[in-house]
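Asks: What follows is structure.pdb; its format and atoms are PDB, C-alpha atoms.
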```pdb
ATOM      1  CA  MET C 833     -10.236  16.540 -35.045
ATOM      2  CA  PRO C 834     -13.461  17.662 -33.394
ATOM      3  CA  ASP C 835     -15.736  19.821 -35.539
ATOM      4  CA  SER C 836     -14.975  22.717 -33.190
ATOM      5  CA  SER C 837     -11.420  22.797 -34.600
ATOM      6  CA  LEU C 838     -12.408  22.996 -38.273
ATOM      7  CA  ALA C 839     -13.448  25.913 -40.454
ATOM      8  CA  ILE C 840     -13.943  26.675 -44.151
ATOM      9  CA  SER C 841     -12.379  29.503 -46.103
ATOM     10  CA  ALA C 842     -12.464  30.910 -49.641
ATOM     11  CA  ALA C 843      -9.027  31.670 -51.062
ATOM     12  CA  GLN C 844     -10.515  34.219 -53.491
ATOM     13  CA  PRO C 845     -13.416  36.632 -52.808
ATOM     14  CA  GLU C 846     -15.356  35.369 -55.819
ATOM     15  CA  LEU C 847     -15.541  31.908 -54.201
ATOM     16  CA  ALA C 848     -17.181  33.166 -51.010
ATOM     17  CA  ARG C 849     -20.648  31.923 -52.005
ATOM     18  CA  GLN C 850     -19.379  28.440 -52.868
ATOM     19  CA  ALA C 851     -17.449  28.303 -49.602
ATOM     20  CA  ALA C 852     -20.604  29.220 -47.696
ATOM     21  CA  GLU C 853     -22.536  26.481 -49.500
ATOM     22  CA  LEU C 854     -19.847  23.940 -48.645
ATOM     23  CA  ALA C 855     -19.882  25.073 -45.017
ATOM     24  CA  ALA C 856     -23.643  24.539 -44.883
ATOM     25  CA  GLU C 857     -23.330  21.105 -46.482
ATOM     26  CA  LEU C 858     -20.673  19.937 -44.034
ATOM     27  CA  GLY C 859     -22.145  21.674 -41.012
ATOM     28  CA  LEU C 860     -18.973  23.698 -40.412
ATOM     29  CA  PRO C 861     -18.427  27.421 -39.807
ATOM     30  CA  LEU C 862     -16.642  29.825 -42.086
ATOM     31  CA  MET C 863     -13.180  30.957 -40.992
ATOM     32  CA  ALA C 864     -14.499  34.395 -40.043
ATOM     33  CA  GLN C 865     -16.786  32.703 -37.527
ATOM     34  CA  ARG C 866     -13.997  30.580 -36.033
ATOM     35  CA  PRO C 867     -10.656  32.428 -36.375
ATOM     36  CA  GLY C 868      -8.873  30.042 -33.994
ATOM     37  CA  ALA C 869      -9.536  26.893 -36.035
ATOM     38  CA  GLN C 870      -6.762  24.275 -35.972
ATOM     39  CA  ALA C 871      -7.361  23.389 -39.610
ATOM     40  CA  VAL C 872      -9.040  25.132 -42.531
ATOM     41  CA  LEU C 873     -10.721  23.531 -45.514
ATOM     42  CA  THR C 874      -9.664  26.046 -48.143
ATOM     43  CA  LEU C 875     -11.511  26.440 -51.447
ATOM     44  CA  SER C 876      -9.482  27.974 -54.253
ATOM     45  CA  ALA C 877      -9.855  28.172 -58.009
ATOM     46  CA  GLU C 878      -7.369  25.306 -58.299
ATOM     47  CA  ARG C 879      -8.594  22.834 -55.661
ATOM     48  CA  LEU C 880     -10.063  22.102 -52.266
ATOM     49  CA  ALA C 881      -7.376  21.503 -49.644
ATOM     50  CA  LEU C 882      -7.171  20.909 -45.909
ATOM     51  CA  VAL C 883      -4.582  23.174 -44.329
ATOM     52  CA  ALA C 884      -3.436  22.894 -40.728
ATOM     53  CA  THR C 885      -2.699  26.139 -38.907
ATOM     54  CA  GLY C 886      -0.296  24.993 -36.172
ATOM     55  CA  PRO C 887       3.460  25.697 -36.322
ATOM     56  CA  ASP C 888       4.438  22.030 -36.810
ATOM     57  CA  ALA C 889       1.504  21.031 -38.981
ATOM     58  CA  PRO C 890       2.038  19.310 -42.343
ATOM     59  CA  GLY C 891       1.419  21.006 -45.654
ATOM     60  CA  PRO C 892      -1.908  21.148 -47.510
ATOM     61  CA  ILE C 893      -3.716  17.891 -48.169
ATOM     62  CA  ALA C 894      -5.652  17.545 -51.418
ATOM     63  CA  VAL C 895      -6.619  14.801 -53.866
ATOM     64  CA  ASP C 896      -4.555  14.894 -57.056
ATOM     65  CA  PHE C 897      -4.967  11.975 -59.465
ATOM     66  CA  ALA C 898      -2.355  13.422 -61.808
ATOM     67  CA  ALA C 899       0.352  12.988 -59.158
ATOM     68  CA  GLY C 900       3.629  11.410 -60.162
ATOM     69  CA  SER C 901       3.266   8.621 -57.602
ATOM     70  CA  LEU C 902       0.230   7.267 -59.457
ATOM     71  CA  ARG C 903       2.063   7.384 -62.770
ATOM     72  CA  HIS C 904       4.875   5.413 -61.186
ATOM     73  CA  ARG C 905       2.463   2.730 -59.996
ATOM     74  CA  ARG C 906       1.017   2.531 -63.507
ATOM     75  CA  ARG C 907       4.314   1.115 -64.757
ATOM     76  CA  GLY C 908       3.616  -2.046 -62.767
ATOM     77  CA  GLY C 909       0.635  -2.797 -64.998
ATOM     78  CA  HIS C 910      -1.066  -6.078 -64.207
ATOM     79  CA  ASN C 911       1.815  -6.951 -61.869
ATOM     80  CA  GLU C 912       0.629  -4.245 -59.477
ATOM     81  CA  PRO C 913       0.164  -6.222 -56.205
ATOM     82  CA  LEU C 914      -3.228  -4.668 -55.521
ATOM     83  CA  GLY C 915      -4.483  -5.729 -58.945
ATOM     84  CA  ARG C 916      -3.283  -9.289 -58.405
ATOM     85  CA  ALA C 917      -4.937  -9.393 -54.991
ATOM     86  CA  VAL C 918      -8.257  -8.209 -56.426
ATOM     87  CA  GLY C 919      -8.031 -10.791 -59.214
ATOM     88  CA  ILE C 920      -7.932  -8.758 -62.417
ATOM     89  CA  HIS C 921      -5.884 -11.540 -64.047
ATOM     90  CA  LYS C 922      -8.861 -13.880 -63.580
ATOM     91  CA  TRP C 923     -11.810 -11.541 -64.086
ATOM     92  CA  PRO C 924     -11.342  -8.537 -66.412
ATOM     93  CA  GLY C 925     -13.673  -5.597 -65.852
ATOM     94  CA  LEU C 926     -14.457  -6.339 -62.217
ATOM     95  CA  SER C 927     -16.870  -4.195 -60.228
ATOM     96  CA  VAL C 928     -15.046  -3.208 -57.055
ATOM     97  CA  VAL C 929     -16.334  -1.373 -53.998
ATOM     98  CA  ASP C 930     -13.633   0.541 -52.162
ATOM     99  CA  ALA C 931     -15.418   0.593 -48.831
ATOM    100  CA  THR C 932     -12.863   2.844 -47.106
ATOM    101  CA  ALA C 933     -11.968   5.145 -49.973
ATOM    102  CA  GLY C 934      -9.934   7.770 -48.113
ATOM    103  CA  LEU C 935      -8.039   9.865 -50.659
ATOM    104  CA  GLY C 936      -8.781   7.407 -53.458
ATOM    105  CA  ARG C 937      -5.328   6.388 -54.680
ATOM    106  CA  ASP C 938      -5.882   2.635 -54.587
ATOM    107  CA  SER C 939      -9.249   3.084 -56.294
ATOM    108  CA  PHE C 940      -7.533   5.037 -59.056
ATOM    109  CA  VAL C 941      -4.989   2.240 -59.550
ATOM    110  CA  LEU C 942      -7.765  -0.347 -59.851
ATOM    111  CA  ALA C 943      -9.750   1.843 -62.233
ATOM    112  CA  ASP C 944      -6.623   2.245 -64.345
ATOM    113  CA  LEU C 945      -6.438  -1.557 -64.507
ATOM    114  CA  GLY C 946      -9.950  -1.668 -65.987
ATOM    115  CA  CYS C 947     -12.163  -2.126 -62.931
ATOM    116  CA  GLN C 948     -15.361  -0.186 -62.316
ATOM    117  CA  LEU C 949     -15.045   1.448 -58.909
ATOM    118  CA  THR C 950     -17.617   2.525 -56.364
ATOM    119  CA  LEU C 951     -15.929   4.577 -53.650
ATOM    120  CA  LEU C 952     -17.558   4.844 -50.229
ATOM    121  CA  GLU C 953     -16.415   7.489 -47.748
ATOM    122  CA  ARG C 954     -18.350   8.367 -44.617
ATOM    123  CA  GLU C 955     -16.187  11.172 -43.184
ATOM    124  CA  PRO C 956     -17.617  14.401 -44.658
ATOM    125  CA  VAL C 957     -14.366  16.371 -44.964
ATOM    126  CA  VAL C 958     -12.517  13.473 -46.600
ATOM    127  CA  PHE C 959     -15.534  12.953 -48.867
ATOM    128  CA  ALA C 960     -15.414  16.605 -49.920
ATOM    129  CA  LEU C 961     -11.696  16.393 -50.727
ATOM    130  CA  LEU C 962     -12.214  13.222 -52.750
ATOM    131  CA  ARG C 963     -15.222  14.641 -54.601
ATOM    132  CA  ASP C 964     -13.184  17.697 -55.567
ATOM    133  CA  GLY C 965     -10.294  15.535 -56.772
ATOM    134  CA  LEU C 966     -12.612  13.405 -58.906
ATOM    135  CA  ARG C 967     -14.266  16.484 -60.394
ATOM    136  CA  ARG C 968     -10.902  17.919 -61.376
ATOM    137  CA  GLY C 969      -9.699  14.538 -62.617
ATOM    138  CA  ARG C 970     -12.681  14.131 -64.950
ATOM    139  CA  LEU C 971     -12.039  17.593 -66.388
ATOM    140  CA  SER C 972      -8.294  17.048 -66.728
ATOM    141  CA  GLU C 973      -6.596  17.826 -70.023
ATOM    142  CA  ASP C 974      -4.630  14.632 -69.450
ATOM    143  CA  ALA C 975      -6.760  12.079 -71.306
ATOM    144  CA  TRP C 976      -5.414   9.212 -69.192
ATOM    145  CA  VAL C 977      -6.455  10.844 -65.912
ATOM    146  CA  ALA C 978      -9.878  11.859 -67.259
ATOM    147  CA  GLN C 979     -10.642   8.386 -68.621
ATOM    148  CA  VAL C 980      -9.644   6.607 -65.416
ATOM    149  CA  CYS C 981     -11.712   8.977 -63.284
ATOM    150  CA  GLN C 982     -14.757   8.226 -65.438
ATOM    151  CA  ARG C 983     -14.600   4.649 -64.117
ATOM    152  CA  MET C 984     -14.890   5.889 -60.523
ATOM    153  CA  SER C 985     -18.117   6.873 -58.750
ATOM    154  CA  LEU C 986     -18.276   8.277 -55.230
ATOM    155  CA  LEU C 987     -20.905   7.979 -52.511
ATOM    156  CA  ARG C 988     -20.971   9.446 -49.018
ATOM    157  CA  ALA C 989     -21.916   6.402 -46.970
ATOM    158  CA  ASP C 990     -20.906   4.129 -44.125
ATOM    159  CA  ALA C 991     -19.878   0.893 -45.832
ATOM    160  CA  ARG C 992     -21.443  -1.249 -43.127
ATOM    161  CA  ASP C 993     -24.849   0.193 -43.966
ATOM    162  CA  TRP C 994     -24.385   0.494 -47.727
ATOM    163  CA  LEU C 995     -23.152  -3.071 -48.251
ATOM    164  CA  ALA C 996     -26.190  -4.608 -46.552
ATOM    165  CA  GLY C 997     -28.175  -6.379 -49.227
ATOM    166  CA  GLN C 998     -25.728  -5.460 -52.007
ATOM    167  CA  THR C 999     -24.103  -7.880 -54.447
ATOM    168  CA  VAL C1000     -20.697  -6.896 -55.851
ATOM    169  CA  ASP C1001     -17.697  -8.678 -57.325
ATOM    170  CA  VAL C1002     -15.013  -7.491 -54.914
ATOM    171  CA  VAL C1003     -14.896  -5.381 -51.765
ATOM    172  CA  TYR C1004     -11.617  -3.655 -50.928
ATOM    173  CA  LEU C1005     -10.835  -2.519 -47.394
ATOM    174  CA  ASP C1006      -7.972  -0.350 -46.200
ATOM    175  CA  PRO C1007      -8.659   0.322 -42.506
ATOM    176  CA  MET C1008      -6.692   3.097 -40.866
ATOM    177  CA  PHE C1009      -3.415   2.145 -39.225
ATOM    178  CA  PRO C1010      -0.624   4.180 -37.571
ATOM    179  CA  ALA C1011       1.706   6.223 -39.718
ATOM    180  CA  ARG C1012       5.208   5.079 -40.573
ATOM    181  CA  ARG C1013       7.630   7.820 -39.552
ATOM    182  CA  LYS C1014       9.921   7.202 -42.524
ATOM    183  CA  SER C1015       7.454   8.632 -45.050
ATOM    184  CA  ALA C1016       6.589  12.329 -44.989
ATOM    185  CA  ARG C1017       3.666  11.752 -47.372
ATOM    186  CA  VAL C1018       2.165   9.033 -45.226
ATOM    187  CA  LYS C1019       2.776  11.094 -42.106
ATOM    188  CA  LYS C1020       0.874  14.019 -43.597
ATOM    189  CA  GLU C1021      -2.106  11.930 -44.658
ATOM    190  CA  MET C1022      -2.228   9.952 -41.435
ATOM    191  CA  TRP C1023      -2.323  13.259 -39.598
ATOM    192  CA  LEU C1024      -5.529  13.972 -41.507
ATOM    193  CA  PHE C1025      -7.155  10.664 -40.654
ATOM    194  CA  GLN C1026      -5.956  10.544 -37.074
ATOM    195  CA  GLN C1027      -7.352  14.020 -36.465
ATOM    196  CA  LEU C1028     -10.623  13.707 -38.343
ATOM    197  CA  LEU C1029     -11.393  10.188 -37.189
ATOM    198  CA  GLU C1030      -9.961  10.270 -33.676
ATOM    199  CA  ASN C1031     -13.284   9.274 -32.118
ATOM    200  CA  ALA C1032     -14.468   7.019 -34.934
ATOM    201  CA  ASP C1033     -14.753   3.248 -34.800
ATOM    202  CA  SER C1034     -12.991   2.762 -38.123
ATOM    203  CA  SER C1035     -13.040  -0.981 -38.731
ATOM    204  CA  ALA C1036     -15.416  -2.869 -36.439
ATOM    205  CA  GLY C1037     -17.875  -4.887 -38.497
ATOM    206  CA  LEU C1038     -16.364  -3.942 -41.858
ATOM    207  CA  LEU C1039     -15.083  -7.388 -42.730
ATOM    208  CA  GLU C1040     -18.380  -9.062 -41.926
ATOM    209  CA  ALA C1041     -20.279  -6.554 -44.061
ATOM    210  CA  ALA C1042     -17.814  -6.973 -46.924
ATOM    211  CA  LEU C1043     -18.018 -10.770 -46.859
ATOM    212  CA  SER C1044     -21.797 -10.626 -46.980
ATOM    213  CA  ALA C1045     -21.718  -8.618 -50.235
ATOM    214  CA  ALA C1046     -18.682  -9.857 -52.189
ATOM    215  CA  GLN C1047     -19.254 -12.580 -54.757
ATOM    216  CA  LYS C1048     -15.625 -13.195 -55.719
ATOM    217  CA  ARG C1049     -13.394 -11.966 -52.896
ATOM    218  CA  VAL C1050     -12.672  -9.405 -50.195
ATOM    219  CA  VAL C1051      -9.217  -7.818 -50.160
ATOM    220  CA  VAL C1052      -7.860  -6.172 -47.010
ATOM    221  CA  LYS C1053      -4.733  -4.004 -46.997
ATOM    222  CA  ARG C1054      -2.697  -4.424 -43.825
ATOM    223  CA  PRO C1055       0.719  -3.377 -42.516
ATOM    224  CA  ALA C1056       3.151  -6.184 -43.280
ATOM    225  CA  LYS C1057       3.408  -7.386 -39.684
ATOM    226  CA  ALA C1058      -0.085  -6.515 -38.441
ATOM    227  CA  PRO C1059      -2.537  -9.180 -37.318
ATOM    228  CA  ALA C1060      -5.417 -10.134 -39.583
ATOM    229  CA  LEU C1061      -8.390  -7.779 -39.488
ATOM    230  CA  GLU C1062     -10.763  -8.711 -36.653
ATOM    231  CA  GLY C1063      -8.652 -11.841 -36.114
ATOM    232  CA  GLU C1064     -10.176 -13.520 -39.173
ATOM    233  CA  GLN C1065      -7.524 -15.451 -41.096
ATOM    234  CA  PRO C1066      -7.586 -14.953 -44.891
ATOM    235  CA  ALA C1067      -7.623 -17.661 -47.548
ATOM    236  CA  PHE C1068      -4.249 -16.387 -48.762
ATOM    237  CA  GLN C1069      -1.945 -13.379 -48.612
ATOM    238  CA  LEU C1070       0.173 -11.349 -51.021
ATOM    239  CA  PRO C1071       3.063 -10.054 -48.891
ATOM    240  CA  GLY C1072       5.114  -6.935 -49.540
ATOM    241  CA  LYS C1073       7.872  -5.007 -47.787
ATOM    242  CA  THR C1074       5.630  -2.593 -45.893
ATOM    243  CA  VAL C1075       2.073  -3.784 -46.560
ATOM    244  CA  ARG C1076       0.369  -7.010 -47.501
ATOM    245  CA  PHE C1077      -2.984  -7.896 -49.027
ATOM    246  CA  ASP C1078      -5.146 -10.445 -47.202
ATOM    247  CA  VAL C1079      -7.626 -12.148 -49.526
ATOM    248  CA  TYR C1080     -10.894 -13.640 -48.274
ATOM    249  CA  LEU C1081     -13.095 -15.829 -50.460
ATOM    250  CA  PRO C1082     -16.867 -16.268 -50.463
ATOM    251  CA  GLU C1083     -18.082 -18.926 -48.035
ATOM    252  CA  GLY C1084     -18.602 -21.563 -50.732
ATOM    253  CA  ASP C1085     -15.039 -21.108 -52.042
ATOM    254  CA  ARG C1086     -13.198 -21.203 -48.715
TER     255      ARG C1086
END
```
Would you mind writing the structure in this file as structure tokens?

Replies:
Amino acid sequence: MPDSSLAISAAQPELARQAAELAAELGLPLMAQRPGAQAVLTLSAERLALVATGPDAPGPIAVDFAAGSLRHRRRGGHNEPLGRAVGIHKWPGLSVVDATAGLGRDSFVLADLGCQLTLLEREPVVFALLRDGLRRGRLSEDAWVAQVCQRMSLLRADARDWLAGQTVDVVYLDPMFPARRKSARVKKEMWLFQQLLENADSSAGLLEAALSAAQKRVVVKRPAKAPALEGEQPAFQLPGKTVRFDVYLPEGDR
């Protein structure tokens, strides 16, 4: 979605100053300055949410680490496929860089499994949503949510630049791919990314940057039948019904 289609709004009058500060930070107008905006980043006392204004648009999009879907994934414990792909069974307490953090769910799962997470997100609106979700998560009355969020740190950065010269245990990549029509939740979130990132080069050079920084492995999430990222074949794969995890090893371990 071009910036010309976005605006920021305060849901309550007392939040007008904070909304104006957020608008200045993101370089976006307030709703009063752009009444025809196609989507509104709405600040309320409860959360920050992206709300589309069209008749067929999906519902609000926000980051909620207390969501039931994350509790369901927790039941998988160390058998969670993402955790096995990252290698938590071999190396407890890994430092992991989620180089394409998005809405942060996979990072939360890894943090719940004991990893220390650095989340990188370059798209300013997605970054703002994720920052708000982390802030609320750390203040949550749910001790589990608060503790997991304490193991997550967030930076606004392009991973290709940030990873240069860095040394980390694992780099995790989840490049954008088309939505599956069978899932309303995925459809709603992919609407966000397809609109916000429609002109962005989302994956070129990511794998190379990740391999240059990772000491133990790079893990790439892919649709089950999609080709390998950038045509580079992984050392091994963990397949699933809808997605798979491609695992790349450092050059000396290949």

Asks: What do you get, as a PyMOL selection string, if you spell out every residue that the PyMOL selection byres ((chain C and resi 841) around 12) selects here?

Replies: chain C and resi 838-840+842-855+860-867+869+871-876+880-883

Asks: Quick one: write out the picked residues with C-alpha atoms as a PDB file, in the frame of the given file?

Replies:
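Output contents, as saved in part.pdb:
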```
ATOM      1  CA  LEU C 838     -12.408  22.996 -38.273  1.00  0.00           C
ATOM      2  CA  ALA C 839     -13.448  25.913 -40.454  1.00  0.00           C
ATOM      3  CA  ILE C 840     -13.943  26.675 -44.151  1.00  0.00           C
ATOM      4  CA  ALA C 842     -12.464  30.910 -49.641  1.00  0.00           C
ATOM      5  CA  ALA C 843      -9.027  31.670 -51.062  1.00  0.00           C
ATOM      6  CA  GLN C 844     -10.515  34.219 -53.491  1.00  0.00           C
ATOM      7  CA  PRO C 845     -13.416  36.632 -52.808  1.00  0.00           C
ATOM      8  CA  GLU C 846     -15.356  35.369 -55.819  1.00  0.00           C
ATOM      9  CA  LEU C 847     -15.541  31.908 -54.201  1.00  0.00           C
ATOM     10  CA  ALA C 848     -17.181  33.166 -51.010  1.00  0.00           C
ATOM     11  CA  ARG C 849     -20.648  31.923 -52.005  1.00  0.00           C
ATOM     12  CA  GLN C 850     -19.379  28.440 -52.868  1.00  0.00           C
ATOM     13  CA  ALA C 851     -17.449  28.303 -49.602  1.00  0.00           C
ATOM     14  CA  ALA C 852     -20.604  29.220 -47.696  1.00  0.00           C
ATOM     15  CA  GLU C 853     -22.536  26.481 -49.500  1.00  0.00           C
ATOM     16  CA  LEU C 854     -19.847  23.940 -48.645  1.00  0.00           C
ATOM     17  CA  ALA C 855     -19.882  25.073 -45.017  1.00  0.00           C
ATOM     18  CA  LEU C 860     -18.973  23.698 -40.412  1.00  0.00           C
ATOM     19  CA  PRO C 861     -18.427  27.421 -39.807  1.00  0.00           C
ATOM     20  CA  LEU C 862     -16.642  29.825 -42.086  1.00  0.00           C
ATOM     21  CA  MET C 863     -13.180  30.957 -40.992  1.00  0.00           C
ATOM     22  CA  ALA C 864     -14.499  34.395 -40.043  1.00  0.00           C
ATOM     23  CA  GLN C 865     -16.786  32.703 -37.527  1.00  0.00           C
ATOM     24  CA  ARG C 866     -13.997  30.580 -36.033  1.00  0.00           C
ATOM     25  CA  PRO C 867     -10.656  32.428 -36.375  1.00  0.00           C
ATOM     26  CA  ALA C 869      -9.536  26.893 -36.035  1.00  0.00           C
ATOM     27  CA  ALA C 871      -7.361  23.389 -39.610  1.00  0.00           C
ATOM     28  CA  VAL C 872      -9.040  25.132 -42.531  1.00  0.00           C
ATOM     29  CA  LEU C 873     -10.721  23.531 -45.514  1.00  0.00           C
ATOM     30  CA  THR C 874      -9.664  26.046 -48.143  1.00  0.00           C
ATOM     31  CA  LEU C 875     -11.511  26.440 -51.447  1.00  0.00           C
ATOM     32  CA  SER C 876      -9.482  27.974 -54.253  1.00  0.00           C
ATOM     33  CA  LEU C 880     -10.063  22.102 -52.266  1.00  0.00           C
ATOM     34  CA  ALA C 881      -7.376  21.503 -49.644  1.00  0.00           C
ATOM     35  CA  LEU C 882      -7.171  20.909 -45.909  1.00  0.00           C
ATOM     36  CA  VAL C 883      -4.582  23.174 -44.329  1.00  0.00           C
TER      37      VAL C 883
END
```

Asks: Could you state the separation of CA of Ala978 (chain C) and CA of Ser927 (chain C) in Å, given to one decimal place?

Replies: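 For CA of Ala978 (chain C) relative to CA of Ser927 (chain C), the distance reads 18.9 Å.
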
Asks: Could you give me, as a PyMOL selection string, the residues that sit within 10 Å of (-14.3, -8.3, -42.1) in the file's coordinates, counting all atoms listed in the file?

Replies: chain C and resi 1005+1035-1044+1050-1052+1060-1066+1080

Asks: I need the residue nearest Tyr1004 (chain C) from this list: C:Leu961, C:Leu952, C:Ala856, C:Leu971. Use all atoms listed in the file for the distance.

Replies: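 Closest residue, counting all atoms listed in the file: C:Leu952.
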
Asks: With distances taken over all atoms listed in the file, which residue among C:Cys947, C:Arg1049, C:Ala898, C:Ala1056 lies nearest Gly1072 (chain C)?

Replies: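 Looking at the shortest contact to Gly1072 (chain C), the residue is C:Ala1056.
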
Asks: Check the smallest atom-to-atom distance from each of C:Ala884, C:Ala1045, C:Val977, C:Ala991 to Arg954 (chain C) using all atoms listed in the file, then report the winner.

Replies: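 Going through C:Ala884, C:Ala1045, C:Val977, C:Ala991 one by one, the smallest distance to Arg954 (chain C) is for C:Ala991.
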
Asks: What is the distance between CA of Ala899 (chain C) and CA of Thr1074 (chain C), in Å to one decimal?

Replies: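 Computing it gives 21.1 Å between the two atoms.
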
Asks: For Asp1078 (chain C), which of C:Arg916, C:Arg983, C:Arg967, C:Arg879 is the closest residue, counting only C-alpha atoms?

Replies: C:Arg916

Asks: Excluding same-chain residues fewer than 3 positions from Ala943 (chain C), what lies within 9 Å of it counting all atoms listed in the file, as a list in words?

Replies: Val928, Asp938, Ser939, Phe940, Gly946, Cys947, Gln948, Leu949, Val980, Cys981, Gln982, Arg983 and Met984 of chain C
